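For reference, the structure is listed below as structure tokens.
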Protein chains: 2
Amino acid sequence: MADKVKLYAAGGSPFVCRVQIALNMKEIKYEKLEEDLHNKSADLLNYNPIHKKVPVLVHNGNPISESLVIIEYIDDVWKGVPILPQDPYEKAVARFWGKFIDDKCIIALFKVFGSHGDEQVIAEACEQLQILENELKVKGTKFFGGDNINLVDIAAGFIAYWLGMLEEATEIKFVTKDKFPKITEWADNFVNCRVVKEVLPPREYPPKEYLLALFKEQFGKE
Amino acid sequence: MADKVKLYAAGGSPFVCRVQIALNMKEIKYEKLEEDLHNKSADLLNYNPIHKKVPVLVHNGNPISESLVIIEYIDDVWKGVPILPQDPYEKAVARFWGKFIDDKCIIALFKVFGSHGDEQVIAEACEQLQILENELKVKGTKFFGGDNINLVDIAAGFIAYWLGMLEEATEIKFVTKDKFPKITEWADNFVNCRVVKEVLPPREYPPKEYLLALFKEQFGKE
């Protein structure tokens, strides 16, 4: 039976884009279904009744939610380019950083825009980013994954691409090349990877209002 | 080379206990090192510089943090009784629920005690518990894992054992058998599993102050 893969998406979402990068790395063909976040489809609510959010991947009728859970599933099911390291210890380290990025970094960064750029909140976000900056420095590699991107790079994709757009949209600029040289270099390398570049939404695409609505949707309870 | 396994622990922590259950399921011998949370050891700070928290598992010199990441590592490295399902889809579903329990349920439950039993906060926590209640009802099995416990049951262990102690300690009682019959039944089955019972801290052990300090430590920034 040919695999039937559907992805419930919402234009410009960094969390959806994570899944698209993983699907692209594995060269998986899929149908992308655009959701209107203000008027969600019955299918989305049925497939993800707990969180009612995109992304949802439906593989041969089986729905999976939560972007990093979906990526692990894709890596478990489809061979080809690996997304997580094969070595159990390296795999655990990658999972640790993926969780750190979601639980600490992205939440701290979003709070900056939620607080309209409160200085204390910016300082806290920079503290989290500094941890990633140090990790890249210690590793000394092009990507968190080494010579190639892995789960950690994909998780951090928001920092490479969407963060700058949010800074522009809100005129709150705090991530500079001077302060975060390694992250800046990594971000440049990341967005220029073929598997990433092919699926990034155009810079003009997610307009400010849309991007902010999306984040409210993802982190509304924070 | 014989495996050298050390576990940095703090008396009565449900997050440490998760790892102990996993180690017990795999029949792994380990050295347990008790941390004083008010005066953390140089080793703990060195092994978990980002979060500075227990549990940390050190396997042949390699440190791993975050209880669910540690459990996946244990399941990847040691054969024997499986902790995650083998089927990729079932595995993704287990990861989804583990994440739900950590990100939604436990945080909502802890907020109840942080808010000294605010009614709205209790209602929100009950909403999350109801989702687990429904899941057990739909599955119709003894455990989230089926006939035997898996990652999801281990993640939910806090609800089975520590929650009741916190309710007693604070005199804020909201999880009743009437309201949550399936969870109550599951909790009873869970704490009576041999691999669980053998490692649960005694009910008298974590005194109220200790338990609350531990939670402040884990969720201090929430």
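By order in the structure tokens, chains are A, B, ...; within a chain, residues start at 1; ligands start at 1, following the order shown.
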I'm after chain A in the frame of chain B: fit it by least squares over all Cα atoms matched in order, and give me the output as a CSV table (one decimal) with C-alpha atoms, in the first residue's frame.
chain,number,residue,atom,x,y,z
A,1,MET,CA,33.1,-3.3,31.0
A,2,ALA,CA,30.5,-3.4,33.7
A,3,ASP,CA,28.0,-0.6,33.4
A,4,LYS,CA,28.4,2.2,36.0
A,5,VAL,CA,25.1,3.9,36.7
A,6,LYS,CA,24.6,6.7,39.1
A,7,LEU,CA,21.4,8.6,39.9
A,8,TYR,CA,21.4,12.0,41.4
A,9,ALA,CA,18.2,12.2,43.5
A,10,ALA,CA,16.4,14.2,46.1
A,11,GLY,CA,14.3,12.4,48.7
A,12,GLY,CA,10.7,11.9,47.6
A,13,SER,CA,10.9,13.5,44.2
A,14,PRO,CA,8.3,12.1,41.8
A,15,PHE,CA,10.6,13.0,38.9
A,16,VAL,CA,13.4,11.0,40.4
A,17,CYS,CA,11.0,8.2,41.1
A,18,ARG,CA,10.1,8.0,37.4
A,19,VAL,CA,13.7,7.1,36.7
A,20,GLN,CA,13.8,4.6,39.5
A,21,ILE,CA,10.8,2.8,38.2
A,22,ALA,CA,12.4,2.6,34.7
A,23,LEU,CA,15.7,1.3,36.2
A,24,ASN,CA,13.7,-1.2,38.3
A,25,MET,CA,11.8,-2.4,35.2
A,26,LYS,CA,15.1,-3.1,33.5
A,27,GLU,CA,16.7,-4.6,36.7
A,28,ILE,CA,19.6,-2.2,36.5
A,29,LYS,CA,21.9,-1.8,39.5
A,30,TYR,CA,22.7,1.8,40.3
A,31,GLU,CA,24.2,4.1,43.0
A,32,LYS,CA,21.7,6.7,44.3
A,33,LEU,CA,23.2,10.0,45.4
A,34,GLU,CA,21.1,12.2,47.6
A,35,GLU,CA,21.2,15.9,46.9
A,36,ASP,CA,20.5,18.6,49.3
A,37,LEU,CA,18.4,21.0,47.2
A,38,HIS,CA,19.5,24.0,49.4
A,39,ASN,CA,23.2,23.1,48.9
A,40,LYS,CA,23.6,21.3,45.6
A,41,SER,CA,26.8,19.3,45.0
A,42,ALA,CA,29.4,20.4,42.5
A,43,ASP,CA,28.8,17.2,40.6
A,44,LEU,CA,25.1,18.0,40.1
A,45,LEU,CA,25.9,21.5,38.9
A,46,ASN,CA,28.5,20.1,36.6
A,47,TYR,CA,26.3,17.3,35.2
A,48,ASN,CA,23.2,19.5,34.7
A,49,PRO,CA,24.5,23.0,34.3
A,50,ILE,CA,21.4,24.2,32.5
A,51,HIS,CA,18.6,23.2,34.8
A,52,LYS,CA,20.7,22.4,38.0
A,53,LYS,CA,18.0,19.9,38.9
A,54,VAL,CA,17.5,16.2,39.8
A,55,PRO,CA,17.1,13.7,38.4
A,56,VAL,CA,20.4,13.2,36.6
A,57,LEU,CA,21.5,9.8,35.4
A,58,VAL,CA,25.2,9.3,34.8
A,59,HIS,CA,25.9,6.2,32.7
A,60,ASN,CA,29.6,5.3,32.3
A,61,GLY,CA,30.4,9.0,32.8
A,62,ASN,CA,27.7,10.4,30.5
A,63,PRO,CA,25.1,12.6,32.2
A,64,ILE,CA,21.5,12.8,31.1
A,65,SER,CA,18.9,15.2,32.5
A,66,GLU,CA,15.1,15.5,32.2
A,67,SER,CA,13.2,12.5,33.5
A,68,LEU,CA,11.3,11.5,30.3
A,69,VAL,CA,14.5,11.9,28.3
A,70,ILE,CA,16.3,9.6,30.8
A,71,ILE,CA,13.6,7.0,30.5
A,72,GLU,CA,13.8,6.9,26.7
A,73,TYR,CA,17.6,6.5,27.1
A,74,ILE,CA,17.2,3.6,29.5
A,75,ASP,CA,14.7,2.0,27.1
A,76,ASP,CA,17.1,2.5,24.1
A,77,VAL,CA,20.1,1.1,25.9
A,78,TRP,CA,18.9,-1.8,28.0
A,79,LYS,CA,16.8,-4.6,26.6
A,80,GLY,CA,14.3,-6.6,28.7
A,81,VAL,CA,10.9,-5.3,29.7
A,82,PRO,CA,10.0,-2.5,27.2
A,83,ILE,CA,9.0,0.9,28.5
A,84,LEU,CA,7.9,2.4,25.3
A,85,PRO,CA,5.8,0.6,22.7
A,86,GLN,CA,7.7,-1.0,19.8
A,87,ASP,CA,5.3,0.1,17.1
A,88,PRO,CA,6.2,3.6,15.9
A,89,TYR,CA,2.7,4.9,16.0
A,90,GLU,CA,2.0,3.6,19.5
A,91,LYS,CA,5.3,5.0,20.5
A,92,ALA,CA,4.4,8.5,19.2
A,93,VAL,CA,1.1,8.3,21.0
A,94,ALA,CA,2.9,7.4,24.3
A,95,ARG,CA,5.3,10.4,23.7
A,96,PHE,CA,2.3,12.6,23.1
A,97,TRP,CA,0.7,11.7,26.4
A,98,GLY,CA,4.0,11.9,28.3
A,99,LYS,CA,4.3,15.5,27.0
A,100,PHE,CA,0.7,16.3,27.8
A,101,ILE,CA,1.1,15.1,31.4
A,102,ASP,CA,4.2,17.2,31.9
A,103,ASP,CA,3.2,20.4,30.0
A,104,LYS,CA,-0.5,20.5,30.9
A,105,CYS,CA,-1.5,18.2,33.7
A,106,ILE,CA,1.2,18.5,36.3
A,107,ILE,CA,1.6,22.2,35.8
A,108,ALA,CA,-2.1,22.8,36.2
A,109,LEU,CA,-2.2,20.6,39.3
A,110,PHE,CA,0.7,22.4,40.9
A,111,LYS,CA,-0.9,25.7,40.2
A,112,VAL,CA,-3.8,24.6,42.5
A,113,PHE,CA,-1.5,24.4,45.5
A,114,GLY,CA,0.4,27.6,44.4
A,115,SER,CA,-3.0,29.5,44.4
A,116,HIS,CA,-4.0,28.0,47.7
A,117,GLY,CA,-6.9,26.3,46.1
A,118,ASP,CA,-8.4,29.0,43.9
A,119,GLU,CA,-11.7,27.6,42.5
A,120,GLN,CA,-11.0,28.7,38.9
A,121,VAL,CA,-7.5,27.1,39.1
A,122,ILE,CA,-9.0,23.9,40.5
A,123,ALA,CA,-11.5,23.8,37.6
A,124,GLU,CA,-8.7,24.2,35.1
A,125,ALA,CA,-6.7,21.3,36.7
A,126,CYS,CA,-9.8,19.1,36.7
A,127,GLU,CA,-10.3,19.8,33.0
A,128,GLN,CA,-6.8,18.4,32.3
A,129,LEU,CA,-7.4,15.4,34.6
A,130,GLN,CA,-10.7,14.8,32.9
A,131,ILE,CA,-8.8,14.3,29.6
A,132,LEU,CA,-6.8,11.5,31.2
A,133,GLU,CA,-9.9,10.1,32.8
A,134,ASN,CA,-11.5,9.9,29.3
A,135,GLU,CA,-8.4,8.4,27.8
A,136,LEU,CA,-8.5,5.5,30.4
A,137,LYS,CA,-12.2,5.1,29.8
A,138,VAL,CA,-11.8,4.9,26.0
A,139,LYS,CA,-8.8,2.5,26.3
A,140,GLY,CA,-10.6,0.3,28.8
A,141,THR,CA,-7.3,-1.2,29.9
A,142,LYS,CA,-5.7,-1.5,33.4
A,143,PHE,CA,-2.9,0.9,32.5
A,144,PHE,CA,-2.3,3.6,29.9
A,145,GLY,CA,0.2,1.0,28.6
A,146,GLY,CA,-2.4,-1.7,28.4
A,147,ASP,CA,-2.0,-4.8,30.7
A,148,ASN,CA,1.4,-3.4,31.9
A,149,ILE,CA,2.7,0.1,32.7
A,150,ASN,CA,4.6,2.1,30.1
A,151,LEU,CA,6.1,5.6,29.8
A,152,VAL,CA,2.7,7.2,30.2
A,153,ASP,CA,1.9,5.5,33.5
A,154,ILE,CA,5.3,6.4,34.8
A,155,ALA,CA,4.9,10.0,33.7
A,156,ALA,CA,1.5,10.1,35.4
A,157,GLY,CA,2.9,8.6,38.6
A,158,PHE,CA,2.7,11.9,40.3
A,159,ILE,CA,-1.1,11.8,40.1
A,160,ALA,CA,-1.3,8.3,41.5
A,161,TYR,CA,0.8,9.0,44.6
A,162,TRP,CA,2.1,12.5,45.3
A,163,LEU,CA,-1.0,14.4,44.4
A,164,GLY,CA,-2.9,12.8,47.3
A,165,MET,CA,-0.1,13.6,49.7
A,166,LEU,CA,-0.2,17.2,48.6
A,167,GLU,CA,-4.0,17.3,49.0
A,168,GLU,CA,-3.6,16.0,52.5
A,169,ALA,CA,-0.8,18.3,53.4
A,170,THR,CA,-2.6,21.4,52.1
A,171,GLU,CA,-6.1,20.3,53.0
A,172,ILE,CA,-7.1,21.1,49.4
A,173,LYS,CA,-9.0,18.0,48.2
A,174,PHE,CA,-10.4,18.0,44.7
A,175,VAL,CA,-9.6,14.7,43.2
A,176,THR,CA,-12.4,12.3,44.3
A,177,LYS,CA,-13.3,8.8,43.3
A,178,ASP,CA,-16.8,10.0,42.3
A,179,LYS,CA,-15.4,12.6,39.9
A,180,PHE,CA,-12.4,10.5,38.6
A,181,PRO,CA,-13.4,6.8,39.0
A,182,LYS,CA,-11.0,5.6,36.2
A,183,ILE,CA,-8.0,7.6,37.5
A,184,THR,CA,-8.7,6.4,41.0
A,185,GLU,CA,-8.8,2.7,39.9
A,186,TRP,CA,-5.7,3.2,37.8
A,187,ALA,CA,-3.8,4.9,40.6
A,188,ASP,CA,-4.5,2.0,42.9
A,189,ASN,CA,-3.3,-0.5,40.3
A,190,PHE,CA,-0.2,1.6,39.6
A,191,VAL,CA,1.0,2.0,43.2
A,192,ASN,CA,0.5,-1.7,43.6
A,193,CYS,CA,2.7,-2.8,40.7
A,194,ARG,CA,5.8,-4.5,42.1
A,195,VAL,CA,8.3,-2.4,40.1
A,196,VAL,CA,6.6,0.8,41.4
A,197,LYS,CA,5.9,-0.2,45.0
A,198,GLU,CA,9.5,-1.2,45.5
A,199,VAL,CA,10.7,2.3,44.8
A,200,LEU,CA,8.0,4.7,46.0
A,201,PRO,CA,9.1,6.8,48.9
A,202,PRO,CA,7.3,6.0,52.1
A,203,ARG,CA,4.1,8.1,52.6
A,204,GLU,CA,5.6,9.6,55.8
A,205,TYR,CA,8.8,10.4,54.1
A,206,PRO,CA,8.5,13.6,52.0
A,207,PRO,CA,7.2,15.9,54.7
A,208,LYS,CA,4.9,18.7,53.5
A,209,GLU,CA,7.6,21.4,53.5
A,210,TYR,CA,10.0,19.2,51.6
A,211,LEU,CA,7.4,18.3,48.9
A,212,LEU,CA,6.4,22.0,48.5
A,213,ALA,CA,10.1,23.0,48.3
A,214,LEU,CA,10.6,20.4,45.6
A,215,PHE,CA,7.8,21.7,43.5
A,216,LYS,CA,8.9,25.2,43.9
A,217,GLU,CA,12.3,24.0,42.6
A,218,GLN,CA,10.7,22.2,39.6
A,219,PHE,CA,8.1,24.8,38.7
A,220,GLY,CA,9.5,27.9,40.3
A,221,LYS,CA,9.3,29.9,37.2
A,222,GLU,CA,5.7,29.1,36.4
Exercise for the section: Determine which residues of stretch 8-217 of chain A receive a DSSP assignment of strand (DSSP E), computed from the backbone, and state them as a ChimeraX atom specification. Expected result: /A:8-9,31-34,56-59,62-65
Please write the residues from the selection above to a file, keeping C-alpha atoms, as an mmCIF file, in the first residue's frame.
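Saved to out_39.cif:
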data_model
loop_
_atom_site.group_PDB
_atom_site.id
_atom_site.type_symbol
_atom_site.label_atom_id
_atom_site.label_comp_id
_atom_site.auth_asym_id
_atom_site.auth_seq_id
_atom_site.Cartn_x
_atom_site.Cartn_y
_atom_site.Cartn_z
ATOM 1 C CA TYR A 8 -2.612 20.010 8.655
ATOM 2 C CA ALA A 9 -0.879 23.362 8.461
ATOM 3 C CA GLU A 31 -0.787 16.625 1.000
ATOM 4 C CA LYS A 32 -0.749 19.965 2.856
ATOM 5 C CA LEU A 33 -4.093 21.128 4.199
ATOM 6 C CA GLU A 34 -4.288 24.780 5.176
ATOM 7 C CA VAL A 56 -1.077 17.387 12.777
ATOM 8 C CA LEU A 57 0.394 14.655 10.603
ATOM 9 C CA VAL A 58 -1.994 11.945 9.456
ATOM 10 C CA HIS A 59 -0.213 8.842 8.188
ATOM 11 C CA ASN A 62 -3.322 7.723 12.089
ATOM 12 C CA PRO A 63 -3.067 11.270 13.467
ATOM 13 C CA ILE A 64 -0.007 12.539 15.380
ATOM 14 C CA SER A 65 0.293 15.928 17.107
#
Handout entry: helix (DSSP H, G or I) call set, DSSP backbone run, stretch 91-147 of chain A, as a ChimeraX atom specification
Key = /A:91-114,119-139
